[in-house]
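*Asks:* File model05.csv follows (CSV, C-alpha atoms):
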chain,number,residue,atom,x,y,z
A,1,MET,CA,88.9,114.1,135.8
A,2,SER,CA,91.9,115.2,133.7
A,3,ASP,CA,92.3,118.8,132.6
A,4,ARG,CA,91.3,118.2,129.0
A,5,LEU,CA,89.0,116.1,127.0
A,6,ARG,CA,90.9,113.0,125.8
A,7,LEU,CA,90.5,112.2,122.1
A,8,THR,CA,91.3,109.0,120.3
A,9,ILE,CA,91.1,108.9,116.5
A,10,LEU,CA,90.4,105.7,114.8
A,11,GLY,CA,91.3,105.8,111.1
A,12,GLY,CA,92.0,103.5,108.2
A,13,PHE,CA,91.2,103.1,104.5
A,14,LEU,CA,87.7,102.2,103.1
A,15,GLY,CA,86.8,98.7,104.4
A,16,ALA,CA,89.8,98.3,106.7
A,17,GLY,CA,87.5,97.0,109.4
A,18,LYS,CA,87.2,100.1,111.7
A,19,THR,CA,83.6,99.4,112.8
A,20,THR,CA,84.2,95.7,113.3
A,21,TRP,CA,87.2,96.4,115.5
A,22,LEU,CA,85.4,99.1,117.4
A,23,ARG,CA,82.3,96.9,117.9
A,24,HIS,CA,84.5,94.3,119.6
A,25,GLN,CA,86.3,96.8,121.8
A,26,LEU,CA,82.9,98.2,123.0
A,27,ASN,CA,81.7,94.6,123.6
A,28,GLU,CA,84.8,94.1,125.7
A,29,GLY,CA,84.1,97.2,127.7
A,30,THR,CA,86.9,99.3,126.2
A,31,TYR,CA,85.9,102.9,125.6
A,32,ALA,CA,82.8,102.2,127.7
A,33,ASP,CA,82.8,105.7,129.1
A,34,ALA,CA,83.9,107.4,125.9
A,35,HIS,CA,81.5,109.4,123.7
A,36,LEU,CA,81.6,108.0,120.2
A,37,ILE,CA,81.7,110.2,117.1
A,38,VAL,CA,81.0,108.2,114.0
A,39,ASN,CA,81.8,109.8,110.6
A,40,GLU,CA,80.5,108.4,107.4
A,41,ALA,CA,80.7,109.7,103.8
A,42,ALA,CA,77.1,108.4,103.2
A,43,THR,CA,74.1,110.6,103.9
A,44,GLU,CA,72.4,107.7,105.4
A,45,PRO,CA,75.0,106.2,107.8
A,46,VAL,CA,74.7,102.6,109.1
A,47,ASP,CA,77.7,102.3,111.4
A,48,ASP,CA,75.9,104.0,114.3
A,49,ARG,CA,73.3,101.2,114.1
A,50,LEU,CA,76.0,98.6,114.5
A,51,LEU,CA,77.7,100.4,117.5
A,52,HIS,CA,75.3,100.1,120.4
A,53,HIS,CA,76.9,102.4,122.9
A,54,PRO,CA,75.3,103.7,126.1
A,55,GLY,CA,78.1,106.2,126.6
A,56,GLY,CA,76.7,108.6,124.0
A,57,LEU,CA,77.1,108.7,120.2
A,58,SER,CA,77.2,111.4,117.6
A,59,VAL,CA,77.0,110.9,113.9
A,60,ILE,CA,78.6,113.1,111.3
A,61,ALA,CA,77.1,111.9,108.0
A,62,GLY,CA,77.2,113.0,104.4
A,63,GLY,CA,80.9,114.0,104.2
A,64,CYS,CA,84.4,113.3,105.4
A,65,ALA,CA,85.3,114.9,108.8
A,66,CYS,CA,88.7,116.0,107.6
A,67,CYS,CA,87.4,118.0,104.7
A,68,ASP,CA,83.7,118.3,103.5
A,69,ALA,CA,82.3,117.8,107.0
A,70,ALA,CA,85.1,119.5,108.9
A,71,ASP,CA,82.7,122.2,110.2
A,72,ASP,CA,80.3,119.5,111.5
A,73,LEU,CA,83.2,117.9,113.4
A,74,ARG,CA,84.3,121.2,114.8
A,75,ARG,CA,80.7,121.9,116.0
A,76,THR,CA,80.3,118.4,117.5
A,77,LEU,CA,83.6,118.6,119.4
A,78,ARG,CA,82.9,122.2,120.6
A,79,THR,CA,79.5,121.0,121.9
A,80,LEU,CA,81.2,118.2,123.8
A,81,CYS,CA,83.8,120.6,125.2
A,82,ASP,CA,81.0,123.0,126.3
A,83,ASP,CA,79.1,120.2,128.0
A,84,ARG,CA,82.2,119.1,129.8
A,85,SER,CA,82.9,122.7,131.0
A,86,ALA,CA,79.4,122.7,132.3
A,87,GLY,CA,80.0,119.5,134.1
A,88,SER,CA,77.9,117.1,132.0
A,89,GLY,CA,80.2,116.2,129.2
A,90,PRO,CA,82.4,113.1,128.7
A,91,ASP,CA,86.1,112.9,129.7
A,92,GLU,CA,87.0,110.8,126.6
A,93,VAL,CA,86.0,110.8,122.9
A,94,MET,CA,86.5,108.1,120.3
A,95,LEU,CA,86.3,109.4,116.8
A,96,GLU,CA,85.8,106.8,114.1
A,97,THR,CA,86.7,108.5,110.8
A,98,SER,CA,85.4,107.7,107.4
A,99,GLY,CA,87.7,105.6,105.2
A,100,LEU,CA,88.5,108.7,103.2
A,101,ALA,CA,89.8,110.8,106.1
A,102,ASP,CA,93.3,111.8,106.7
A,103,PRO,CA,93.8,111.8,110.5
A,104,GLY,CA,96.6,114.3,110.1
A,105,ARG,CA,94.1,116.9,108.8
A,106,ILE,CA,91.8,116.3,111.7
A,107,VAL,CA,94.7,116.9,114.1
A,108,ALA,CA,95.4,120.1,112.2
A,109,LEU,CA,91.8,121.2,112.5
A,110,ILE,CA,91.8,120.7,116.2
A,111,GLN,CA,95.2,122.5,116.6
A,112,SER,CA,94.0,125.5,114.6
A,113,ASP,CA,90.8,126.0,116.5
A,114,PRO,CA,91.2,128.3,119.4
A,115,VAL,CA,88.6,126.5,121.5
A,116,LEU,CA,89.4,122.9,120.7
A,117,THR,CA,93.1,123.2,121.0
A,118,ARG,CA,92.7,124.4,124.6
A,119,HIS,CA,90.1,121.8,125.6
A,120,ILE,CA,91.2,118.6,123.8
A,121,VAL,CA,94.3,116.4,124.2
A,122,LEU,CA,94.9,113.9,121.5
A,123,THR,CA,95.8,110.6,123.2
A,124,GLN,CA,96.3,108.3,120.3
A,125,ILE,CA,95.7,107.9,116.5
A,126,ILE,CA,94.9,104.2,115.8
A,127,VAL,CA,95.0,103.3,112.1
A,128,LEU,CA,93.7,100.0,110.8
A,129,VAL,CA,95.3,98.4,107.7
A,130,ASP,CA,93.7,95.6,105.8
A,131,ALA,CA,96.2,92.8,105.3
A,132,VAL,CA,94.5,91.7,102.1
A,133,GLU,CA,93.6,94.9,100.3
A,134,GLY,CA,96.1,97.1,102.1
A,135,PRO,CA,99.2,96.4,99.9
A,136,GLY,CA,97.4,97.4,96.7
A,137,ARG,CA,96.0,100.5,98.3
A,138,ILE,CA,99.3,101.6,99.7
A,139,ALA,CA,101.0,101.2,96.3
A,140,THR,CA,98.5,103.4,94.5
A,141,GLU,CA,96.7,105.6,97.1
A,142,SER,CA,98.6,108.5,98.7
A,143,LEU,CA,95.7,108.8,101.2
A,144,ALA,CA,96.3,105.3,102.5
A,145,ARG,CA,100.0,106.2,103.0
A,146,ALA,CA,99.1,109.5,104.7
A,147,GLN,CA,96.7,107.6,107.1
A,148,ILE,CA,99.5,105.2,108.1
A,149,ALA,CA,102.1,108.0,108.5
A,150,ALA,CA,99.8,109.7,111.0
A,151,ALA,CA,99.4,106.6,113.2
A,152,ASP,CA,100.7,106.1,116.7
A,153,GLN,CA,99.4,102.5,116.6
A,154,ILE,CA,98.7,100.4,113.5
A,155,ILE,CA,96.4,97.4,113.7
A,156,LEU,CA,96.6,95.0,110.9
A,157,THR,CA,93.2,93.4,110.2
A,158,LYS,CA,92.3,90.2,108.3
A,159,THR,CA,95.7,88.7,109.0
A,160,ASP,CA,94.0,85.3,109.0
A,161,GLN,CA,93.8,85.7,105.2
A,162,SER,CA,97.3,87.0,104.5
A,163,SER,CA,100.7,86.8,106.2
A,164,ALA,CA,101.3,90.5,105.3
A,165,TYR,CA,105.1,90.3,105.6
A,166,GLU,CA,105.7,92.8,102.8
A,167,LEU,CA,103.0,95.0,104.1
A,168,ARG,CA,104.6,95.1,107.6
A,169,ALA,CA,108.0,95.9,106.1
A,170,THR,CA,106.3,98.8,104.3
A,171,LEU,CA,104.6,100.0,107.5
A,172,THR,CA,107.9,100.3,109.3
A,173,LEU,CA,109.1,102.7,106.5
A,174,LEU,CA,105.9,104.8,106.4
A,175,ALA,CA,105.4,105.0,110.2
A,176,PRO,CA,108.7,104.2,111.8
A,177,GLY,CA,107.6,105.1,115.3
A,178,ALA,CA,104.2,103.4,115.3
A,179,GLU,CA,103.5,100.2,117.2
A,180,VAL,CA,102.2,97.5,114.9
A,181,ALA,CA,99.7,94.9,116.2
A,182,ALA,CA,97.1,92.6,114.6
A,183,ALA,CA,93.4,91.8,115.1
A,184,VAL,CA,90.9,89.4,113.5
A,185,GLN,CA,87.3,90.4,113.9
A,186,GLY,CA,88.5,92.8,116.6
A,187,VAL,CA,90.3,90.2,118.6
A,188,ALA,CA,94.0,90.9,119.1
A,189,ILE,CA,96.3,88.2,117.8
A,190,PRO,CA,100.1,87.9,118.1
A,191,LEU,CA,102.1,88.7,114.9
A,192,PRO,CA,104.9,86.3,114.0
A,193,ALA,CA,108.4,87.6,113.7
A,194,LEU,CA,109.1,89.4,110.4
A,195,PRO,CA,111.5,87.4,108.3
A,196,PRO,CA,114.8,89.3,107.9
A,197,GLU,CA,115.3,91.1,104.6
A,198,THR,CA,111.6,91.2,103.8
A,199,GLN,CA,111.2,93.7,101.0
A,200,PRO,CA,108.6,96.5,101.2
A,201,ILE,CA,105.8,96.9,98.7
A,202,PRO,CA,106.9,98.9,95.6
A,203,ILE,CA,105.1,102.2,95.6
A,204,GLY,CA,103.5,102.8,92.1
A,205,GLN,CA,101.9,105.6,90.3
A,206,ASP,CA,99.1,107.3,92.3
A,207,SER,CA,95.8,107.6,90.5
A,208,ALA,CA,95.0,111.1,89.5
A,209,THR,CA,91.3,110.6,89.5
A,210,PRO,CA,89.6,111.6,92.8
A,211,ILE,CA,87.7,109.0,94.8
A,212,ALA,CA,84.0,109.8,94.9
A,213,ALA,CA,81.0,108.4,96.8
A,214,HIS,CA,77.8,107.6,94.8
A,215,VAL,CA,74.5,107.1,96.6
A,216,LEU,CA,72.0,104.8,94.8
A,217,ASP,CA,68.4,104.5,95.6
A,218,VAL,CA,67.7,100.7,95.5
A,219,SER,CA,64.5,100.8,97.4
A,220,GLN,CA,62.5,99.6,94.4
A,221,THR,CA,65.1,97.1,93.2
A,222,ASP,CA,64.4,93.4,93.7
A,223,TRP,CA,67.0,91.4,95.6
A,224,PRO,CA,67.7,88.8,92.8
A,225,GLY,CA,68.5,91.4,90.2
A,226,LEU,CA,70.5,93.6,92.7
A,227,SER,CA,72.6,90.7,93.9
A,228,VAL,CA,73.4,89.6,90.4
A,229,TRP,CA,74.4,93.1,89.4
A,230,LEU,CA,76.5,93.7,92.5
A,231,SER,CA,78.3,90.4,92.2
A,232,ALA,CA,79.2,91.2,88.5
A,233,LEU,CA,80.1,94.8,89.4
A,234,ILE,CA,82.6,93.9,92.2
A,235,HIS,CA,84.1,91.1,90.0
A,236,ALA,CA,84.7,93.4,87.1
A,237,ARG,CA,85.4,96.6,88.9
A,238,GLY,CA,86.6,95.6,92.4
A,239,ARG,CA,89.8,97.6,91.9
A,240,ASP,CA,88.0,100.8,91.2
A,241,ILE,CA,84.8,100.4,93.3
A,242,MET,CA,86.6,100.2,96.6
A,243,ARG,CA,83.7,100.0,98.9
A,244,ILE,CA,80.0,99.3,98.8
A,245,LYS,CA,77.9,99.8,101.9
A,246,GLY,CA,74.2,100.1,102.6
A,247,VAL,CA,71.1,98.4,103.8
A,248,VAL,CA,68.8,96.8,101.2
A,249,ASN,CA,65.4,95.1,101.3
A,250,THR,CA,65.3,91.4,100.7
A,251,PRO,CA,62.6,88.7,101.3
A,252,ALA,CA,64.6,87.8,104.4
A,253,GLY,CA,64.3,91.4,105.7
A,254,PRO,CA,66.7,94.4,105.7
A,255,LEU,CA,70.3,93.2,105.1
A,256,LEU,CA,73.5,95.2,105.6
A,257,LEU,CA,75.8,94.8,102.6
A,258,GLN,CA,79.5,95.7,102.8
A,259,SER,CA,82.1,95.0,100.1
A,260,VAL,CA,85.8,95.7,100.2
A,261,GLY,CA,87.3,95.5,96.7
A,262,ALA,CA,86.0,92.4,95.0
A,263,ARG,CA,84.9,90.7,98.3
A,264,MET,CA,81.5,91.1,99.8
A,265,GLN,CA,81.2,90.3,103.5
A,266,ARG,CA,78.5,88.0,104.8
A,267,PRO,CA,75.3,90.1,104.9
A,268,GLU,CA,74.0,91.0,108.3
A,269,ARG,CA,70.4,91.5,109.4
A,270,ILE,CA,69.9,95.0,110.6
A,271,GLU,CA,66.9,97.0,111.8
A,272,GLY,CA,65.9,100.4,110.4
A,273,ASP,CA,65.6,102.1,107.1
A,274,ALA,CA,66.7,100.2,103.9
A,275,GLY,CA,67.0,100.9,100.3
A,276,GLN,CA,70.2,103.0,99.9
A,277,LEU,CA,73.6,101.9,98.7
A,278,VAL,CA,76.8,103.9,98.8
A,279,LEU,CA,79.4,103.0,96.3
A,280,ILE,CA,82.8,104.6,96.8
A,281,GLY,CA,85.5,104.5,94.2
A,282,ARG,CA,86.5,106.0,90.9
A,283,GLY,CA,86.0,105.4,87.2
A,284,THR,CA,82.3,105.8,87.1
A,285,THR,CA,79.4,108.2,87.8
A,286,ARG,CA,76.1,107.9,89.7
A,287,ASP,CA,74.2,108.2,86.4
A,288,ALA,CA,76.2,105.3,84.8
A,289,LEU,CA,75.6,103.2,87.9
A,290,ASN,CA,71.9,103.9,87.8
A,291,ARG,CA,71.6,103.2,84.1
A,292,SER,CA,73.5,99.9,84.5
A,293,LEU,CA,71.4,98.8,87.4
A,294,ALA,CA,68.2,99.7,85.6
A,295,THR,CA,69.3,97.8,82.5
A,296,TRP,CA,70.3,94.7,84.4
A,297,THR,CA,67.1,94.5,86.5
A,298,GLU,CA,64.5,95.9,84.0
A,299,SER,CA,62.8,92.6,83.3
A,300,LEU,CA,62.1,92.1,87.0
A,301,THR,CA,60.5,95.4,87.7
B,1,MET,CA,77.9,70.1,103.1
B,2,CYS,CA,76.3,67.1,101.5
B,3,SER,CA,78.5,64.0,102.0
B,4,GLY,CA,77.3,62.6,98.7
B,5,CYS,CA,78.1,65.5,96.3
B,6,GLY,CA,80.2,67.8,98.5
B,7,ALA,CA,78.0,70.8,97.8
B,8,PRO,CA,78.1,73.6,98.9
B,9,PRO,CA,81.9,73.7,99.0
B,10,VAL,CA,81.7,76.8,101.3
B,11,PRO,CA,78.7,77.6,103.6
B,12,GLY,CA,76.4,80.1,102.0
B,13,HIS,CA,77.3,82.6,99.3
B,14,TRP,CA,76.3,86.2,100.2
B,15,THR,CA,73.9,86.4,97.3
B,16,ASP,CA,71.9,83.6,98.9
B,17,ALA,CA,71.3,85.6,102.1
B,18,GLY,CA,68.2,87.3,100.8
B,19,GLY,CA,65.9,84.3,101.2
B,20,ALA,CA,64.5,83.3,104.6
B,21,THR,CA,62.4,80.3,103.6
B,22,PRO,CA,62.9,77.5,101.1
B,23,ALA,CA,60.2,79.0,98.9
B,24,ASP,CA,62.0,82.4,99.0
B,25,ARG,CA,65.2,80.8,98.0
B,26,LEU,CA,63.6,79.0,95.0
B,27,ARG,CA,61.9,82.2,93.8
B,28,ILE,CA,65.2,84.1,94.1
B,29,ARG,CA,67.0,81.4,92.1
B,30,ALA,CA,64.4,81.5,89.4
B,31,ALA,CA,64.5,85.3,89.2
B,32,ARG,CA,68.3,85.3,89.2
B,33,ALA,CA,68.3,82.8,86.3
B,34,GLN,CA,66.1,85.2,84.4
B,35,VAL,CA,68.5,88.1,84.9
B,36,LEU,CA,71.5,86.0,84.1
B,37,GLY,CA,69.9,84.6,80.9
B,38,ARG,CA,69.4,88.1,79.5
B,39,VAL,CA,72.8,89.5,80.6
B,40,LEU,CA,74.9,86.5,79.5
B,41,SER,CA,73.2,86.2,76.1
B,42,ASP,CA,75.0,89.5,75.1
B,43,HIS,CA,78.2,87.7,75.7
B,44,GLY,CA,77.4,84.4,73.9
B,45,LEU,CA,76.9,82.6,77.1
B,46,ARG,CA,74.0,80.8,78.8
B,47,ALA,CA,73.4,80.0,82.4
B,48,ALA,CA,71.0,77.3,83.6
B,49,ASP,CA,69.8,76.7,87.1
B,50,GLY,CA,68.5,73.2,87.6
B,51,MET,CA,66.7,74.3,90.7
B,52,LEU,CA,66.7,70.9,92.3
B,53,VAL,CA,70.5,70.6,92.3
B,54,PRO,CA,73.0,73.1,93.7
B,55,GLY,CA,75.0,75.5,91.5
B,56,LEU,CA,74.6,76.8,88.0
B,57,THR,CA,75.7,75.5,84.6
B,58,LEU,CA,77.4,78.0,82.4
B,59,SER,CA,77.5,77.2,78.7
B,60,ALA,CA,79.5,78.8,75.9
B,61,SER,CA,79.1,78.5,72.2
B,62,GLY,CA,80.9,75.4,70.9
B,63,GLY,CA,79.5,73.3,73.7
B,64,ARG,CA,81.8,74.2,76.5
B,65,GLN,CA,80.2,73.9,79.9
B,66,VAL,CA,81.2,74.7,83.4
B,67,LEU,CA,79.4,73.9,86.6
B,68,VAL,CA,79.8,76.7,89.1
B,69,PRO,CA,78.7,76.8,92.8
B,70,ASP,CA,77.9,80.5,93.0
B,71,LEU,CA,77.9,83.9,91.3
B,72,ASP,CA,81.5,84.7,92.1
B,73,ALA,CA,82.6,81.5,90.4
B,74,LEU,CA,80.2,82.2,87.5
B,75,TRP,CA,81.7,85.6,86.7
B,76,SER,CA,85.2,84.1,86.9
B,77,ALA,CA,84.2,81.3,84.6
B,78,ALA,CA,82.5,83.7,82.2
B,79,GLU,CA,85.7,85.7,82.0
B,80,ARG,CA,87.7,82.6,81.3
B,81,LEU,CA,85.3,81.4,78.6
B,82,THR,CA,85.1,84.8,76.8
B,83,GLY,CA,88.5,86.3,77.6
B,84,ARG,CA,87.0,89.4,79.2
B,85,PRO,CA,85.0,90.2,82.3
B,86,VAL,CA,81.2,90.7,82.1
B,87,ASP,CA,81.3,94.4,83.1
B,88,PRO,CA,78.0,96.0,84.0
B,89,LEU,CA,79.5,99.4,83.4
B,90,ALA,CA,81.0,98.6,80.0
B,91,ASP,CA,78.2,100.0,77.8
B,92,VAL,CA,76.6,102.7,79.9
How does this structure look as structure tokens?
*Replies:*
Amino acid sequence: MSDRLRLTILGGFLGAGKTTWLRHQLNEGTYADAHLIVNEAATEPVDDRLLHHPGGLSVIAGGCACCDAADDLRRTLRTLCDDRSAGSGPDEVMLETSGLADPGRIVALIQSDPVLTRHIVLTQIIVLVDAVEGPGRIATESLARAQIAAADQIILTKTDQSSAYELRATLTLLAPGAEVAAAVQGVAIPLPALPPETQPIPIGQDSATPIAAHVLDVSQTDWPGLSVWLSALIHARGRDIMRIKGVVNTPAGPLLLQSVGARMQRPERIEGDAGQLVLIGRGTTRDALNRSLATWTESLT
Amino acid sequence: MCSGCGAPPVPGHWTDAGGATPADRLRIRAARAQVLGRVLSDHGLRAADGMLVPGLTLSASGGRQVLVPDLDALWSAAERLTGRPVDPLADV
């Protein structure tokens, strides 16, 4: 047993593939003995239902662990440190952050806490970067750049859909010391050599509007109307509605829906409560989303 | 994929995942066509689902028609035909 509790932080922007990557690592036995902390901005999280982990799992829901839910994270980590001091806690913790978290702020939180800083050693910050959506996010989101700058290791995801040469050239500028690897559905794949003189992505004007999470109750919305509305929404607003996530009722049973930008992933059957969607992005409000959904689906209800 | 007509071009669109049985899938298609009919009429468009054949037919005023395999393709085609996306948040 080492002197201090080892902490790995898994970060990355909304929809970068953090849970998919972590699921694969857990299936492979990596982090088998680690205690998982899963942080989601949604009040009704779903990632914990995807991560079957006998090693122990804590959920911090309803806020980002680097800001809104920082106190929850502090409490959770202190409890783990106390348990360990009493001889029953884990030696290792894997923290999966929300897509809106800056890992640097979590490190600052730990360092500024008199208990945590004495009991926790940060072993690695792993940041996942989406090869498809990442270039656009890096160009316009300072948060995406801050996440990358904090990384010890960067894992490019979805590289089967994009060569990501310009993205890789940008990563070496934003995080010169970080190791860059790639994974598809969590499985590590080799990266081809970066062509010489590949130009980085031009950094544009950051949006001044903050990113917000809107929770919609869709428990009474029929699947045909909901699917039509969502498909139109991500087509028209995929740049602004960066992430949609939630479990909805369908005739086939509860389905986990997850979109990144304008792309919806293949829905997945999942057990448990259904009827809530979280939409994360900017340029709209919860009221506007609710009015729009009601208008589009009114003839079916 | 059907070797006669080549449909569907890709296996399963996400919006088709809600039906577990053939009857469910038919009901979903009929209900979906109802929603599309009302939404698209505001944009001078019409969508028809032949039910027995795959895909949807999108029609614009002037007689232009496009056969689309799924809703993603339908919204792209609608944008091409009208010059702007069908935005659910445009008038709320």
*Asks:* Hey, list the chain A side of the contact with chain B: 10 Å cut-off, only C-alpha atoms, answer as a PyMOL selection string.
*Replies:* chain A and resi 222-237+248-255+257+262-269+283-285+287-293+295-300
*Asks:* Would you work out the distance separating CA of Leu279 (chain A) from CA of His214 (chain A), expressed in Å to one decimal?
*Replies:*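 Distance between the two atoms: 5.1 Å.
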*Asks:* Under the rule of at most 7 Å, produce a per-residue listing of region 45-115 of chain A near region 1-12 of chain A: chain, number, name, the closest pair of atoms, and the distance in Å, as CSV, using all atoms listed in the file.
*Replies:*
residue,atom,partner,partner_atom,distance
A:Asp91,CA,A:Leu5,CA,5.1
A:Glu92,CA,A:Arg6,CA,4.5
A:Val93,CA,A:Leu7,CA,4.8
A:Met94,CA,A:Thr8,CA,4.9
A:Leu95,CA,A:Ile9,CA,4.8
A:Glu96,CA,A:Leu10,CA,4.8
A:Thr97,CA,A:Gly11,CA,5.3
A:Gly99,CA,A:Gly12,CA,5.6
A:Pro103,CA,A:Gly11,CA,6.5
*Asks:* Which residues, written as a list of chain:residue names, have at least one atom at most 9 Å from Phe13 (chain A), with all atoms listed in the file counted and residues fewer than 6 positions away on the same chain left out?
*Replies:*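 Residues near the query, excluding close chain neighbours: A:Ser98, A:Gly99, A:Leu100, A:Ala101, A:Val127, A:Leu128, A:Val129, A:Asp130, A:Gly134, A:Arg137, A:Leu143, A:Ala144, A:Gln147.
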*Asks:* Include C-alpha atoms and write out the residues we just selected as a short mmCIF file (atom, residue, chain, number, x, y, z; two decimals), in the coordinates of the input.
*Replies:*
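Saved the output as selection.cif:
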data_model
loop_
_atom_site.label_atom_id
_atom_site.label_comp_id
_atom_site.auth_asym_id
_atom_site.auth_seq_id
_atom_site.Cartn_x
_atom_site.Cartn_y
_atom_site.Cartn_z
CA SER A 98 85.40 107.70 107.40
CA GLY A 99 87.70 105.60 105.20
CA LEU A 100 88.50 108.70 103.20
CA ALA A 101 89.80 110.80 106.10
CA VAL A 127 95.00 103.30 112.10
CA LEU A 128 93.70 100.00 110.80
CA VAL A 129 95.30 98.40 107.70
CA ASP A 130 93.70 95.60 105.80
CA GLY A 134 96.10 97.10 102.10
CA ARG A 137 96.00 100.50 98.30
CA LEU A 143 95.70 108.80 101.20
CA ALA A 144 96.30 105.30 102.50
CA GLN A 147 96.70 107.60 107.10
#
*Asks:* Name the closest residue to Leu80 (chain A) among the candidates A:Ala108, A:Val46, A:Ala34, A:Ala294; distances are taken between atoms, counting all atoms listed in the file.
*Replies:*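 Ranking A:Ala108, A:Val46, A:Ala34, A:Ala294 by distance to Leu80 (chain A), first place goes to A:Ala34.
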*Asks:* Do you have the CA of Thr57 (chain B)-CA of Gly238 (chain A) distance handy?
*Replies:*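 Those two atoms sit 24.2 Å apart.
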*Asks:* By how many Å are CA of Thr198 (chain A) and CA of Ala16 (chain A) apart?
*Replies:*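 Going from CA of Thr198 (chain A) over to CA of Ala16 (chain A) covers 23.1 Å.
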*Asks:* Can you list, as a short mmCIF file (atom, residue, chain, number, x, y, z; two decimals) with C-alpha atoms, keeping the file's coordinate frame, every protein, DNA or RNA residue that comes within 7 Å of Val260 (chain A) when you count all atoms listed in the file, leaving out same-chain residues fewer than 6 positions away?
*Replies:*
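Result saved to out.cif:
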data_model
loop_
_atom_site.label_atom_id
_atom_site.label_comp_id
_atom_site.auth_asym_id
_atom_site.auth_seq_id
_atom_site.Cartn_x
_atom_site.Cartn_y
_atom_site.Cartn_z
CA GLY A 15 86.80 98.70 104.40
CA MET A 242 86.60 100.20 96.60
CA ARG A 243 83.70 100.00 98.90
CA ILE A 244 80.00 99.30 98.80
#
*Asks:* Set the distance at 12 Å and use all atoms listed in the file: which residues neighbour Pro45 (chain A) once local chain neighbours fewer than 3 positions away are removed? I'd like the list as a list in words.
*Replies:*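 Close residues of Pro45 (chain A): Val38, Asn39, Glu40, Ala41, Ala42, Asp48, Arg49, Leu50, Leu51, Ser58, Val59, Ile60, Ala61, Gly62, Gly63, Ser98, Val215, Lys245, Gly246, Val247, Leu256, Gly272, Asp273, Ala274, Gln276, Leu277 and Val278 of chain A.
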*Asks:* Would you mind listing what lies within 10 Å of Val66 (chain B) as a PyMOL selection string, with all atoms listed in the file counted and same-chain residues fewer than 3 positions away left out?
*Replies:* chain B and resi 47+56-60+63+69+73-74+77-78+81
*Asks:* Which polymer residues have any atom within 10 Å of an atom of region 180-196 of chain A, counting only C-alpha atoms, with same-chain residues fewer than 5 positions away left out, as a VMD selection string?
*Replies:* chain A and resid 17 to 25 27 to 28 126 to 131 151 to 161 163 to 166 168 to 169 171 to 172 175
*Asks:* Generate a file of the selected residues that holds C-alpha atoms, formatted as a PDB file, in the coordinates of the input.
*Replies:*
ATOM      1  CA  GLY A  17      87.500  97.000 109.400  1.00  0.00           C
ATOM      2  CA  LYS A  18      87.200 100.100 111.700  1.00  0.00           C
ATOM      3  CA  THR A  19      83.600  99.400 112.800  1.00  0.00           C
ATOM      4  CA  THR A  20      84.200  95.700 113.300  1.00  0.00           C
ATOM      5  CA  TRP A  21      87.200  96.400 115.500  1.00  0.00           C
ATOM      6  CA  LEU A  22      85.400  99.100 117.400  1.00  0.00           C
ATOM      7  CA  ARG A  23      82.300  96.900 117.900  1.00  0.00           C
ATOM      8  CA  HIS A  24      84.500  94.300 119.600  1.00  0.00           C
ATOM      9  CA  GLN A  25      86.300  96.800 121.800  1.00  0.00           C
ATOM     10  CA  ASN A  27      81.700  94.600 123.600  1.00  0.00           C
ATOM     11  CA  GLU A  28      84.800  94.100 125.700  1.00  0.00           C
ATOM     12  CA  ILE A 126      94.900 104.200 115.800  1.00  0.00           C
ATOM     13  CA  VAL A 127      95.000 103.300 112.100  1.00  0.00           C
ATOM     14  CA  LEU A 128      93.700 100.000 110.800  1.00  0.00           C
ATOM     15  CA  VAL A 129      95.300  98.400 107.700  1.00  0.00           C
ATOM     16  CA  ASP A 130      93.700  95.600 105.800  1.00  0.00           C
ATOM     17  CA  ALA A 131      96.200  92.800 105.300  1.00  0.00           C
ATOM     18  CA  ALA A 151      99.400 106.600 113.200  1.00  0.00           C
ATOM     19  CA  ASP A 152     100.700 106.100 116.700  1.00  0.00           C
ATOM     20  CA  GLN A 153      99.400 102.500 116.600  1.00  0.00           C
ATOM     21  CA  ILE A 154      98.700 100.400 113.500  1.00  0.00           C
ATOM     22  CA  ILE A 155      96.400  97.400 113.700  1.00  0.00           C
ATOM     23  CA  LEU A 156      96.600  95.000 110.900  1.00  0.00           C
ATOM     24  CA  THR A 157      93.200  93.400 110.200  1.00  0.00           C
ATOM     25  CA  LYS A 158      92.300  90.200 108.300  1.00  0.00           C
ATOM     26  CA  THR A 159      95.700  88.700 109.000  1.00  0.00           C
ATOM     27  CA  ASP A 160      94.000  85.300 109.000  1.00  0.00           C
ATOM     28  CA  GLN A 161      93.800  85.700 105.200  1.00  0.00           C
ATOM     29  CA  SER A 163     100.700  86.800 106.200  1.00  0.00           C
ATOM     30  CA  ALA A 164     101.300  90.500 105.300  1.00  0.00           C
ATOM     31  CA  TYR A 165     105.100  90.300 105.600  1.00  0.00           C
ATOM     32  CA  GLU A 166     105.700  92.800 102.800  1.00  0.00           C
ATOM     33  CA  ARG A 168     104.600  95.100 107.600  1.00  0.00           C
ATOM     34  CA  ALA A 169     108.000  95.900 106.100  1.00  0.00           C
ATOM     35  CA  LEU A 171     104.600 100.000 107.500  1.00  0.00           C
ATOM     36  CA  THR A 172     107.900 100.300 109.300  1.00  0.00           C
ATOM     37  CA  ALA A 175     105.400 105.000 110.200  1.00  0.00           C
TER      38      ALA A 175
END
*Asks:* Between A:Leu167, A:Ala32, A:Cys67, A:Leu77, which has the minimum distance to Gly89 (chain A) (counting all atoms listed in the file)?
*Replies:* A:Leu77
*Asks:* (91.7, 109.3, 87.5) in this file's frame - what residues fall within 12 Å of it? Use only C-alpha atoms and give the answer as a list in words.
*Replies:*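 Residues with an atom close enough to that point: Thr140, Glu141, Gln205, Asp206, Ser207, Ala208, Thr209, Pro210, Ile211, Ala212, Asp240, Gly281, Arg282, Gly283 and Thr284 of chain A.
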